[in-house]
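Listing of target36.csv, CSV, C-alpha atoms and all ligand atoms
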chain,number,residue,atom,x,y,z
A,1,MET,CA,9.4,7.3,-5.3
A,2,ASN,CA,10.8,7.0,-1.9
A,3,PRO,CA,13.9,4.8,-2.4
A,4,ARG,CA,14.2,3.5,1.1
A,5,LEU,CA,10.9,1.7,1.4
A,6,THR,CA,10.6,-1.7,-0.1
A,7,ALA,CA,7.0,-2.2,1.2
A,8,PRO,CA,4.4,0.1,2.7
A,9,PRO,CA,4.9,0.2,6.5
A,10,LYS,CA,1.2,0.9,7.1
A,11,VAL,CA,-1.8,-0.7,5.5
A,12,ALA,CA,-5.5,0.1,6.1
A,13,ILE,CA,-8.2,-2.4,5.3
A,14,SER,CA,-11.9,-2.0,5.2
A,15,ILE,CA,-12.8,-5.5,6.2
A,16,THR,CA,-16.5,-5.3,5.6
A,17,GLU,CA,-19.1,-2.8,4.4
A,18,ALA,CA,-21.7,-4.1,6.8
A,19,CYS,CA,-22.7,-1.7,9.6
A,20,PRO,CA,-25.7,-1.5,12.0
A,21,LEU,CA,-25.7,2.3,11.8
A,22,SER,CA,-27.0,4.4,8.9
A,23,CYS,CA,-24.7,7.4,9.0
A,24,LYS,CA,-25.8,10.2,6.6
A,25,HIS,CA,-22.2,10.9,5.7
A,26,CYS,CA,-20.9,7.3,5.5
A,27,TYR,CA,-17.8,7.2,3.1
A,28,GLY,CA,-18.3,3.5,2.3
A,29,ASP,CA,-22.1,3.9,1.7
A,30,CYS,CA,-22.4,1.0,4.1
A,31,GLY,CA,-25.5,-1.0,4.7
A,32,ARG,CA,-26.8,-3.6,7.2
A,33,GLU,CA,-25.6,-6.6,5.2
A,34,ALA,CA,-22.2,-7.4,3.8
A,35,ARG,CA,-21.9,-7.0,0.1
A,36,PRO,CA,-21.6,-10.3,-2.0
A,37,ALA,CA,-18.2,-9.2,-3.5
A,38,GLU,CA,-16.5,-8.7,-0.1
A,39,LEU,CA,-13.4,-10.8,0.6
A,40,SER,CA,-14.2,-13.7,2.9
A,41,ILE,CA,-12.5,-13.9,6.3
A,42,GLY,CA,-10.4,-16.7,4.9
A,43,GLU,CA,-9.2,-14.4,2.0
A,44,TRP,CA,-8.4,-11.7,4.5
A,45,ARG,CA,-6.4,-14.0,6.7
A,46,GLU,CA,-4.4,-15.2,3.8
A,47,ALA,CA,-3.8,-11.6,2.6
A,48,ILE,CA,-2.9,-10.4,6.1
A,49,ALA,CA,-0.4,-13.2,6.6
A,50,ARG,CA,1.2,-12.2,3.3
A,51,LEU,CA,1.4,-8.5,4.3
A,52,ALA,CA,3.2,-9.5,7.5
A,53,ALA,CA,5.6,-11.7,5.5
A,54,ASP,CA,6.2,-8.8,3.1
A,55,GLY,CA,7.3,-6.5,5.8
A,56,VAL,CA,4.2,-4.5,6.7
A,57,ILE,CA,4.4,-3.5,10.4
A,58,SER,CA,1.1,-1.7,11.1
A,59,LEU,CA,-2.4,-2.8,10.2
A,60,HIS,CA,-5.4,-0.4,10.5
A,61,ILE,CA,-8.7,-2.3,10.3
A,62,GLU,CA,-11.9,-0.4,9.7
A,63,GLY,CA,-15.3,-1.0,8.1
A,64,GLY,CA,-18.2,-0.7,7.9
A,65,GLU,CA,-18.1,-2.1,11.4
A,66,PRO,CA,-15.1,-4.5,11.7
A,67,LEU,CA,-16.7,-6.4,14.6
A,68,LEU,CA,-19.5,-7.5,12.3
A,69,LYS,CA,-17.1,-9.6,10.2
A,70,PRO,CA,-17.5,-13.2,11.2
A,71,GLY,CA,-14.3,-14.5,12.6
A,72,PHE,CA,-12.9,-11.0,13.2
A,73,LEU,CA,-11.4,-11.6,16.7
A,74,ASP,CA,-9.4,-14.6,15.5
A,75,LEU,CA,-8.1,-12.7,12.5
A,76,LEU,CA,-7.2,-9.8,14.9
A,77,ALA,CA,-5.3,-12.1,17.2
A,78,GLU,CA,-3.4,-13.6,14.3
A,79,ALA,CA,-2.5,-10.2,12.8
A,80,SER,CA,-1.5,-8.8,16.2
A,81,ARG,CA,1.1,-11.5,16.6
A,82,SER,CA,3.2,-10.0,13.8
A,83,MET,CA,2.0,-6.4,13.3
A,84,PHE,CA,0.8,-3.4,15.4
A,85,THR,CA,-3.0,-3.5,14.9
A,86,MET,CA,-5.5,-0.7,15.2
A,87,VAL,CA,-9.3,-1.1,15.0
A,88,ARG,CA,-11.6,1.8,14.0
A,89,THR,CA,-15.1,1.2,15.2
A,90,HIS,CA,-18.3,3.2,16.1
A,91,GLY,CA,-18.1,1.2,19.4
A,92,THR,CA,-21.8,0.3,19.8
A,93,LEU,CA,-20.9,-3.4,19.9
A,94,ILE,CA,-18.2,-3.0,22.5
A,95,ASP,CA,-19.4,-3.9,26.0
A,96,ALA,CA,-17.1,-4.9,28.8
A,97,ALA,CA,-16.7,-8.5,27.5
A,98,MET,CA,-15.9,-7.3,24.0
A,99,ALA,CA,-13.4,-4.8,25.3
A,100,ARG,CA,-11.6,-7.6,27.1
A,101,ALA,CA,-11.7,-9.8,24.0
A,102,LEU,CA,-10.1,-7.1,21.9
A,103,ARG,CA,-7.4,-6.7,24.6
A,104,ASP,CA,-6.8,-10.4,24.7
A,105,ALA,CA,-6.6,-10.5,20.9
A,106,GLY,CA,-3.6,-8.2,21.3
A,107,VAL,CA,-5.1,-5.1,19.6
A,108,GLY,CA,-2.6,-2.2,19.7
A,109,ARG,CA,-5.2,0.6,19.7
A,110,VAL,CA,-8.9,1.2,19.2
A,111,LEU,CA,-10.3,4.3,17.6
A,112,VAL,CA,-13.9,5.1,18.4
A,113,ASP,CA,-15.8,7.3,16.0
A,114,VAL,CA,-18.3,9.9,17.2
A,115,MET,CA,-19.9,12.7,15.3
A,116,GLY,CA,-20.5,15.1,18.2
A,117,ALA,CA,-20.2,15.5,21.9
A,118,THR,CA,-23.9,15.1,22.5
A,119,GLY,CA,-26.5,12.4,21.7
A,120,PRO,CA,-28.6,14.7,19.4
A,121,THR,CA,-25.7,15.8,17.2
A,122,HIS,CA,-24.1,12.3,17.0
A,123,GLU,CA,-27.4,10.6,16.4
A,124,TRP,CA,-28.5,13.2,13.7
A,125,PHE,CA,-25.6,11.6,11.7
A,126,THR,CA,-25.9,8.0,12.8
A,127,GLY,CA,-29.7,7.7,12.6
A,128,ALA,CA,-29.5,5.4,15.6
A,129,PRO,CA,-31.1,6.4,19.0
A,130,GLY,CA,-28.8,5.4,21.9
A,131,SER,CA,-25.7,5.2,19.7
A,132,PHE,CA,-23.9,8.1,21.4
A,133,ASP,CA,-24.2,6.6,24.9
A,134,ALA,CA,-23.1,3.2,23.5
A,135,SER,CA,-20.0,4.8,21.9
A,136,VAL,CA,-19.1,6.6,25.1
A,137,ALA,CA,-19.6,3.4,27.1
A,138,ALA,CA,-17.3,1.6,24.6
A,139,VAL,CA,-14.5,4.1,25.4
A,140,ARG,CA,-15.1,3.6,29.1
A,141,HIS,CA,-14.9,-0.2,28.8
A,142,LEU,CA,-11.8,-0.1,26.6
A,143,VAL,CA,-10.0,2.3,28.9
A,144,ALA,CA,-11.0,0.2,32.0
A,145,CYS,CA,-9.3,-2.9,30.6
A,146,GLY,CA,-6.2,-1.1,29.5
A,147,VAL,CA,-6.7,-0.7,25.8
A,148,ALA,CA,-5.1,2.4,24.3
A,149,THR,CA,-8.1,4.3,23.0
A,150,ASP,CA,-8.7,7.3,20.8
A,151,MET,CA,-11.9,9.1,19.8
A,152,LEU,CA,-12.3,10.4,16.3
A,153,LEU,CA,-14.6,13.1,15.0
A,154,ILE,CA,-15.1,14.3,11.4
A,155,LEU,CA,-15.5,18.0,11.6
A,156,THR,CA,-18.8,19.3,10.2
A,157,ARG,CA,-21.1,22.3,10.4
A,158,GLN,CA,-23.2,20.4,13.0
A,159,ASN,CA,-20.5,19.4,15.4
A,160,ALA,CA,-18.0,22.3,15.1
A,161,PRO,CA,-19.5,24.0,18.2
A,162,GLU,CA,-19.0,20.7,20.2
A,163,VAL,CA,-15.4,19.9,19.5
A,164,GLN,CA,-14.1,21.5,22.7
A,165,ASP,CA,-16.7,19.5,24.6
A,166,LEU,CA,-15.5,16.3,22.9
A,167,LEU,CA,-12.0,17.0,24.0
A,168,ASP,CA,-13.1,17.5,27.6
A,169,LEU,CA,-15.3,14.4,27.4
A,170,ALA,CA,-12.5,12.3,26.0
A,171,ALA,CA,-10.1,13.5,28.6
A,172,GLY,CA,-12.6,12.6,31.3
A,173,LEU,CA,-13.1,9.2,29.9
A,174,GLY,CA,-9.3,8.5,29.9
A,175,ALA,CA,-8.9,8.4,26.1
A,176,GLU,CA,-5.3,9.0,25.0
A,177,ARG,CA,-6.0,11.1,21.9
A,178,VAL,CA,-8.7,12.8,19.9
A,179,GLY,CA,-8.5,13.0,16.2
A,180,VAL,CA,-10.4,15.8,14.5
A,181,LEU,CA,-10.6,14.8,10.9
A,182,ARG,CA,-11.4,16.7,7.8
A,183,LEU,CA,-14.6,15.8,5.9
A,184,TYR,CA,-13.9,14.0,2.6
A,185,PRO,CA,-16.3,14.1,-0.4
A,186,LEU,CA,-16.9,10.4,-0.5
A,187,GLY,CA,-19.9,8.1,-0.4
A,188,ARG,CA,-23.0,9.5,1.3
A,189,ALA,CA,-21.2,12.6,2.4
A,190,LYS,CA,-21.5,13.9,-1.1
A,191,ARG,CA,-25.3,13.8,-1.0
A,192,ILE,CA,-25.5,16.2,2.0
A,193,TRP,CA,-22.3,18.1,1.4
A,194,GLN,CA,-23.7,21.6,1.4
A,195,GLU,CA,-25.6,20.9,4.6
A,196,ILE,CA,-22.6,19.6,6.6
A,197,ALA,CA,-19.4,21.0,5.1
A,198,LEU,CA,-17.8,24.1,6.5
A,199,PRO,CA,-15.7,26.7,4.6
A,200,LEU,CA,-12.0,26.4,5.4
A,201,ALA,CA,-12.0,29.7,7.5
A,202,ASP,CA,-14.6,28.2,9.8
A,203,GLN,CA,-12.7,24.9,10.0
A,204,MET,CA,-9.5,26.8,11.0
A,205,ARG,CA,-11.4,29.0,13.5
A,206,THR,CA,-12.8,25.9,15.2
A,207,LEU,CA,-9.3,24.2,15.4
A,208,GLY,CA,-7.6,27.5,16.5
A,209,ALA,CA,-10.0,27.9,19.4
A,210,LEU,CA,-9.4,24.5,21.0
A,211,ARG,CA,-7.8,24.1,24.4
A,212,VAL,CA,-6.4,20.6,24.8
A,213,PRO,CA,-6.9,19.2,28.3
A,214,ALA,CA,-3.8,18.0,30.2
A,215,GLY,CA,-3.0,14.4,29.4
A,216,LEU,CA,-4.9,14.3,26.0
A,217,THR,CA,-3.2,14.6,22.6
A,218,LEU,CA,-5.0,16.3,19.8
A,219,MET,CA,-4.5,14.9,16.3
A,220,GLN,CA,-5.8,16.9,13.4
A,221,SER,CA,-5.8,16.2,9.7
A,222,TRP,CA,-5.1,19.7,8.3
A,223,HIS,CA,-1.9,20.4,6.5
A,224,PRO,CA,0.9,21.1,7.5
A,225,ASN,CA,0.3,19.0,10.7
A,226,ASP,CA,-0.9,16.2,8.5
A,227,HIS,CA,1.6,15.8,5.7
A,228,ASN,CA,1.2,14.2,2.3
A,229,CYS,CA,1.4,10.6,3.5
A,230,CYS,CA,0.9,8.8,0.1
A,231,TRP,CA,4.5,7.8,0.3
A,232,GLN,CA,3.9,5.4,3.2
A,233,SER,CA,0.3,4.4,3.0
A,234,ALA,CA,-1.6,1.5,1.4
A,235,ALA,CA,-5.2,0.5,1.6
A,236,VAL,CA,-7.6,-2.3,0.5
A,237,ILE,CA,-11.3,-2.0,0.5
A,238,ALA,CA,-13.8,-4.7,1.3
A,239,ASN,CA,-14.1,-6.1,-2.2
A,240,GLY,CA,-10.3,-6.5,-2.4
A,241,GLU,CA,-9.6,-3.4,-4.5
A,242,ILE,CA,-6.2,-1.9,-3.7
A,243,VAL,CA,-6.8,1.8,-3.4
A,244,GLY,CA,-3.6,3.2,-1.9
A,245,CYS,CA,-5.5,5.1,0.8
A,246,PRO,CA,-9.1,4.9,2.1
A,247,TYR,CA,-9.7,8.4,0.9
A,248,LEU,CA,-8.7,7.5,-2.6
A,249,ARG,CA,-11.3,4.7,-2.9
A,250,GLU,CA,-13.5,6.5,-5.4
A,251,TYR,CA,-10.6,7.6,-7.7
A,252,VAL,CA,-8.1,4.8,-7.8
A,253,SER,CA,-7.6,1.1,-8.3
A,254,HIS,CA,-4.1,-0.4,-8.3
A,255,GLY,CA,-5.5,-3.9,-8.8
A,256,ASN,CA,-7.4,-6.4,-6.7
A,257,LEU,CA,-6.1,-8.7,-4.0
A,258,ARG,CA,-7.9,-11.6,-5.7
A,259,SER,CA,-5.5,-11.4,-8.6
A,260,THR,CA,-2.4,-9.7,-7.3
A,261,THR,CA,-0.6,-9.0,-4.0
A,262,LEU,CA,-0.5,-5.7,-2.3
A,263,LEU,CA,3.3,-5.7,-2.6
A,264,GLU,CA,3.2,-6.4,-6.3
A,265,ALA,CA,0.7,-3.6,-6.9
A,266,TRP,CA,2.9,-1.3,-4.7
A,267,ARG,CA,5.9,-2.1,-6.9
A,268,THR,CA,4.3,-1.9,-10.3
A,269,ALA,CA,1.1,0.2,-10.4
A,270,PRO,CA,2.1,3.3,-12.3
A,271,LEU,CA,-0.3,5.8,-10.6
A,272,TRP,CA,0.9,4.5,-7.2
A,273,GLN,CA,4.4,5.4,-8.1
A,274,VAL,CA,3.4,8.8,-9.2
A,275,LEU,CA,1.6,9.5,-5.9
A,276,ARG,CA,4.5,8.2,-3.8
A,277,ALA,CA,6.9,10.4,-5.7
A,278,GLY,CA,5.3,13.4,-4.0
A,279,ALA,CA,5.5,15.6,-7.1
A,280,VAL,CA,3.3,18.6,-6.5
A,281,GLU,CA,2.8,21.9,-8.3
A,282,ARG,CA,3.3,23.9,-5.1
A,283,SER,CA,3.6,23.5,-1.4
A,284,CYS,CA,3.7,25.9,1.5
A,285,PRO,CA,7.0,27.4,2.5
A,286,ASP,CA,7.1,25.5,5.8
A,287,CYS,CA,6.3,22.2,4.2
A,288,SER,CA,8.8,19.4,4.4
A,289,ALA,CA,9.8,17.8,1.2
A,290,ALA,CA,11.4,14.9,3.0
A,291,GLU,CA,10.1,11.6,1.7
A,292,GLY,CA,7.7,13.3,-0.7
A,293,SER,CA,5.6,14.6,2.2
A,294,HIS,CA,4.9,18.1,1.0
A,295,GLY,CA,1.9,19.6,-0.7
A,296,GLY,CA,-0.9,18.2,1.5
A,297,CYS,CA,-3.4,15.4,0.9
A,298,ARG,CA,-3.6,14.1,-2.6
A,299,ALA,CA,-7.2,12.9,-2.3
A,300,THR,CA,-8.6,16.4,-1.6
A,301,ALA,CA,-6.2,18.0,-4.1
A,302,TYR,CA,-7.6,15.6,-6.8
A,303,ALA,CA,-11.2,15.9,-5.6
A,304,TRP,CA,-11.3,19.6,-6.1
A,305,HIS,CA,-8.9,20.1,-9.0
A,306,GLY,CA,-8.9,16.8,-10.9
A,307,ARG,CA,-5.0,16.7,-11.0
A,308,TRP,CA,-2.8,14.6,-8.8
A,309,THR,CA,-0.2,17.3,-8.6
A,310,ALA,CA,-2.7,20.1,-7.6
A,311,PRO,CA,-2.6,22.1,-4.4
A,312,ASP,CA,-4.5,20.8,-1.4
A,313,PRO,CA,-7.4,23.2,-0.8
A,314,PHE,CA,-7.5,22.3,2.9
A,315,ASP,CA,-4.2,24.0,3.3
A,316,VAL,CA,-4.7,27.7,4.0
A,317,THR,CA,-1.6,28.7,2.0
A,318,LEU,CA,-2.7,26.6,-1.0
A,319,ASN,CA,-6.5,27.1,-0.9
A,320,ASP,CA,-6.6,29.7,-3.7
A,321,GLY,CA,-10.1,30.8,-2.8
A,322,VAL,CA,-11.7,27.3,-3.1
A,323,ASP,CA,-15.0,27.3,-1.1
A,324,LEU,CA,-14.8,23.9,0.6
A,325,SER,CA,-18.5,24.0,1.5
A,326,VAL,CA,-19.3,23.6,-2.2
A,327,LEU,CA,-18.6,20.4,-4.2
A,328,PRO,CA,-17.2,20.6,-7.7
A,329,ASP,CA,-19.9,19.7,-10.2
A,330,ARG,CA,-18.2,16.5,-11.3
A,331,LEU,CA,-18.3,15.1,-7.7
A,332,LEU,CA,-22.0,15.8,-7.3
A,333,PRO,CA,-24.0,12.6,-7.1
A,334,ALA,CA,-26.2,11.8,-10.1
A,401,LIG,S1,-20.5,3.9,11.7
A,401,LIG,FE1,-19.0,4.2,10.0
A,401,LIG,S2,-19.3,2.5,8.6
A,401,LIG,FE2,-21.2,2.6,10.0
A,401,LIG,S3,-22.6,3.8,8.8
A,401,LIG,FE3,-21.5,5.2,10.2
A,401,LIG,S4,-19.8,6.0,8.9
A,401,LIG,FE4,-20.6,4.1,7.9
A,402,LIG,S1,-4.6,10.5,-0.1
A,402,LIG,FE1,-4.2,12.0,1.6
A,402,LIG,S2,-4.6,10.9,3.5
A,402,LIG,FE2,-4.4,9.4,1.8
A,402,LIG,S3,-2.3,8.6,1.9
A,402,LIG,FE3,-2.4,10.3,0.3
A,402,LIG,S4,-2.0,12.2,1.4
A,402,LIG,FE4,-2.4,10.6,3.0
Show this structure as structure tokens.
Amino acid sequence: MNPRLTAPPKVAISITEACPLSCKHCYGDCGREARPAELSIGEWREAIARLAADGVISLHIEGGEPLLKPGFLDLLAEASRSMFTMVRTHGTLIDAAMARALRDAGVGRVLVDVMGATGPTHEWFTGAPGSFDASVAAVRHLVACGVATDMLLILTRQNAPEVQDLLDLAAGLGAERVGVLRLYPLGRAKRIWQEIALPLADQMRTLGALRVPAGLTLMQSWHPNDHNCCWQSAAVIANGEIVGCPYLREYVSHGNLRSTTLLEAWRTAPLWQVLRAGAVERSCPDCSAAEGSHGGCRATAYAWHGRWTAPDPFDVTLNDGVDLSVLPDRLLPA
């Protein structure tokens, strides 16, 4: 365990599983309505105040679609008084007035998800005609009122040919960063895995060919750029389950916010301590071991190998011939 941290510096919360889109790949298997077991806005406010008091400095709020949570803007304003806040959204509910409201609530950064650089590709995933133009308009509105804005894209077979176009589009819109994210075998993505997942060589080829426009920063979630960050992360999903990281939501529960605090779970949950220790069987030669950050992502290591200490197959030096376009049998949906 990292001896210097007494609380996780960064916490991600999935505040609701309600969403107006119907993405084929949705990790949370979200639907139009909030699920009955979700924490109420009052429970979230209480929990977030506790996080701030316990020393958390950065709060990432995602969904579902966070803007659908009743009372969300008030909660955001309250959280932004004591923490750096980030909101991840698909953007279709952000018009000029909502962009100003997010700014006025003190949001630190907004991250807008797209699944391509064109309407047809994005909307093949979202199932919502017009959603691409609405997401692009959201970026425009946010930038226009001075909100730091990123665009995120989960790399798939369908959108790989459009990643360069997305970088160019984002730069033209005035976004600060584009995040190209790996595809995780979670939620509905598992049902269509073979249709949308790329082998690692194709993922690396796509990333390697990118030219980053001046003024834009490219973030990408492939090791070694993206280290094993279990040592500093914490996450809670909509029903209050404390899962350590959004990408661990199907494998882990460290307790529930209705019966414990995040800090208590951080201090006492045995598996969380194992993951934070950064013990891995192997890591690449260039990999930093500082703060247990070596060995790549624990979620994909566990997904493919069933061991928390296993090599991350998204790392070219640790892939060991794993075909990432094929899901292990035990992850296949029933
Ligand atoms: S926008 Fe996000 S939360 Fe909504 S359905 Fe798509 S992936 Fe799920
Ligand atoms: S599961 Fe992966 S992305 Fe999540 S905190 Fe651990 S290393 Fe980071």
If the limit is 12 Å from any atom of ligand LIG 401 (chain A), counting all atoms listed in the file, which residues qualify? Return them as number ranges by chain.
A: 14-34, 61-68, 88-93, 111-115, 122-128, 131-132, 135, 152-154, 183-184, 186-189, 238
Residues within 9 Å of ligand LIG 402 (chain A) (all atoms listed in the file), as a short mmCIF file (atom, residue, chain, number, x, y, z; two decimals) with C-alpha atoms, in the frame of the given file?
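The resulting file, part38.cif, is reproduced below:
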data_model
loop_
_atom_site.label_atom_id
_atom_site.label_comp_id
_atom_site.auth_asym_id
_atom_site.auth_seq_id
_atom_site.Cartn_x
_atom_site.Cartn_y
_atom_site.Cartn_z
CA SER A 221 -5.80 16.20 9.70
CA ASP A 226 -0.90 16.20 8.50
CA HIS A 227 1.60 15.80 5.70
CA ASN A 228 1.20 14.20 2.30
CA CYS A 229 1.40 10.60 3.50
CA CYS A 230 0.90 8.80 0.10
CA TRP A 231 4.50 7.80 0.30
CA GLN A 232 3.90 5.40 3.20
CA SER A 233 0.30 4.40 3.00
CA ALA A 234 -1.60 1.50 1.40
CA ALA A 235 -5.20 0.50 1.60
CA GLY A 244 -3.60 3.20 -1.90
CA CYS A 245 -5.50 5.10 0.80
CA PRO A 246 -9.10 4.90 2.10
CA TYR A 247 -9.70 8.40 0.90
CA LEU A 248 -8.70 7.50 -2.60
CA LEU A 275 1.60 9.50 -5.90
CA ARG A 276 4.50 8.20 -3.80
CA SER A 293 5.60 14.60 2.20
CA GLY A 295 1.90 19.60 -0.70
CA GLY A 296 -0.90 18.20 1.50
CA CYS A 297 -3.40 15.40 0.90
CA ARG A 298 -3.60 14.10 -2.60
CA ALA A 299 -7.20 12.90 -2.30
CA THR A 300 -8.60 16.40 -1.60
CA ALA A 301 -6.20 18.00 -4.10
CA TYR A 302 -7.60 15.60 -6.80
#
Distance in Å - atom CA of A:Leu59 versus atom CA of A:Val87:
8.6 Å
Just the number, please: distance in Å from atom CA of A:Gly108 to atom CA of A:Gly71, one decimal.
18.4 Å
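Atom CA of A:Trp308 sits 18.0 Å away from atom CA of A:Trp222.
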Residue contacts of stretch 116-121 of chain A (6 Å, all atoms listed in the file) excluding same-chain residues fewer than 4 positions away, as a PyMOL selection string:
chain A and resi 132+159+162+165-166
Hey, can you pull every residue with an atom no more than 9 Å from (-6.9, 29.3, 8.3), using only C-alpha atoms, and send it as an mmCIF file with C-alpha atoms, keeping the file's coordinate frame?
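Result saved to selection.cif:
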data_model
loop_
_atom_site.group_PDB
_atom_site.id
_atom_site.type_symbol
_atom_site.label_atom_id
_atom_site.label_comp_id
_atom_site.auth_asym_id
_atom_site.auth_seq_id
_atom_site.Cartn_x
_atom_site.Cartn_y
_atom_site.Cartn_z
ATOM 1 C CA LEU A 200 -12.000 26.400 5.400
ATOM 2 C CA ALA A 201 -12.000 29.700 7.500
ATOM 3 C CA ASP A 202 -14.600 28.200 9.800
ATOM 4 C CA GLN A 203 -12.700 24.900 10.000
ATOM 5 C CA MET A 204 -9.500 26.800 11.000
ATOM 6 C CA ARG A 205 -11.400 29.000 13.500
ATOM 7 C CA GLY A 208 -7.600 27.500 16.500
ATOM 8 C CA PHE A 314 -7.500 22.300 2.900
ATOM 9 C CA ASP A 315 -4.200 24.000 3.300
ATOM 10 C CA VAL A 316 -4.700 27.700 4.000
ATOM 11 C CA THR A 317 -1.600 28.700 2.000
#
So which one's closest to A:Ala79, A:Leu257, A:Ala49, A:Leu102, A:Val56? Using all atoms listed in the file, please.
A:Ala49
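Ranking A:Ala265, A:Ile13, A:Ala99, A:Ala53 by their shortest atom-to-atom distance to A:Arg81, with all atoms listed in the file included, puts A:Ala53 first.
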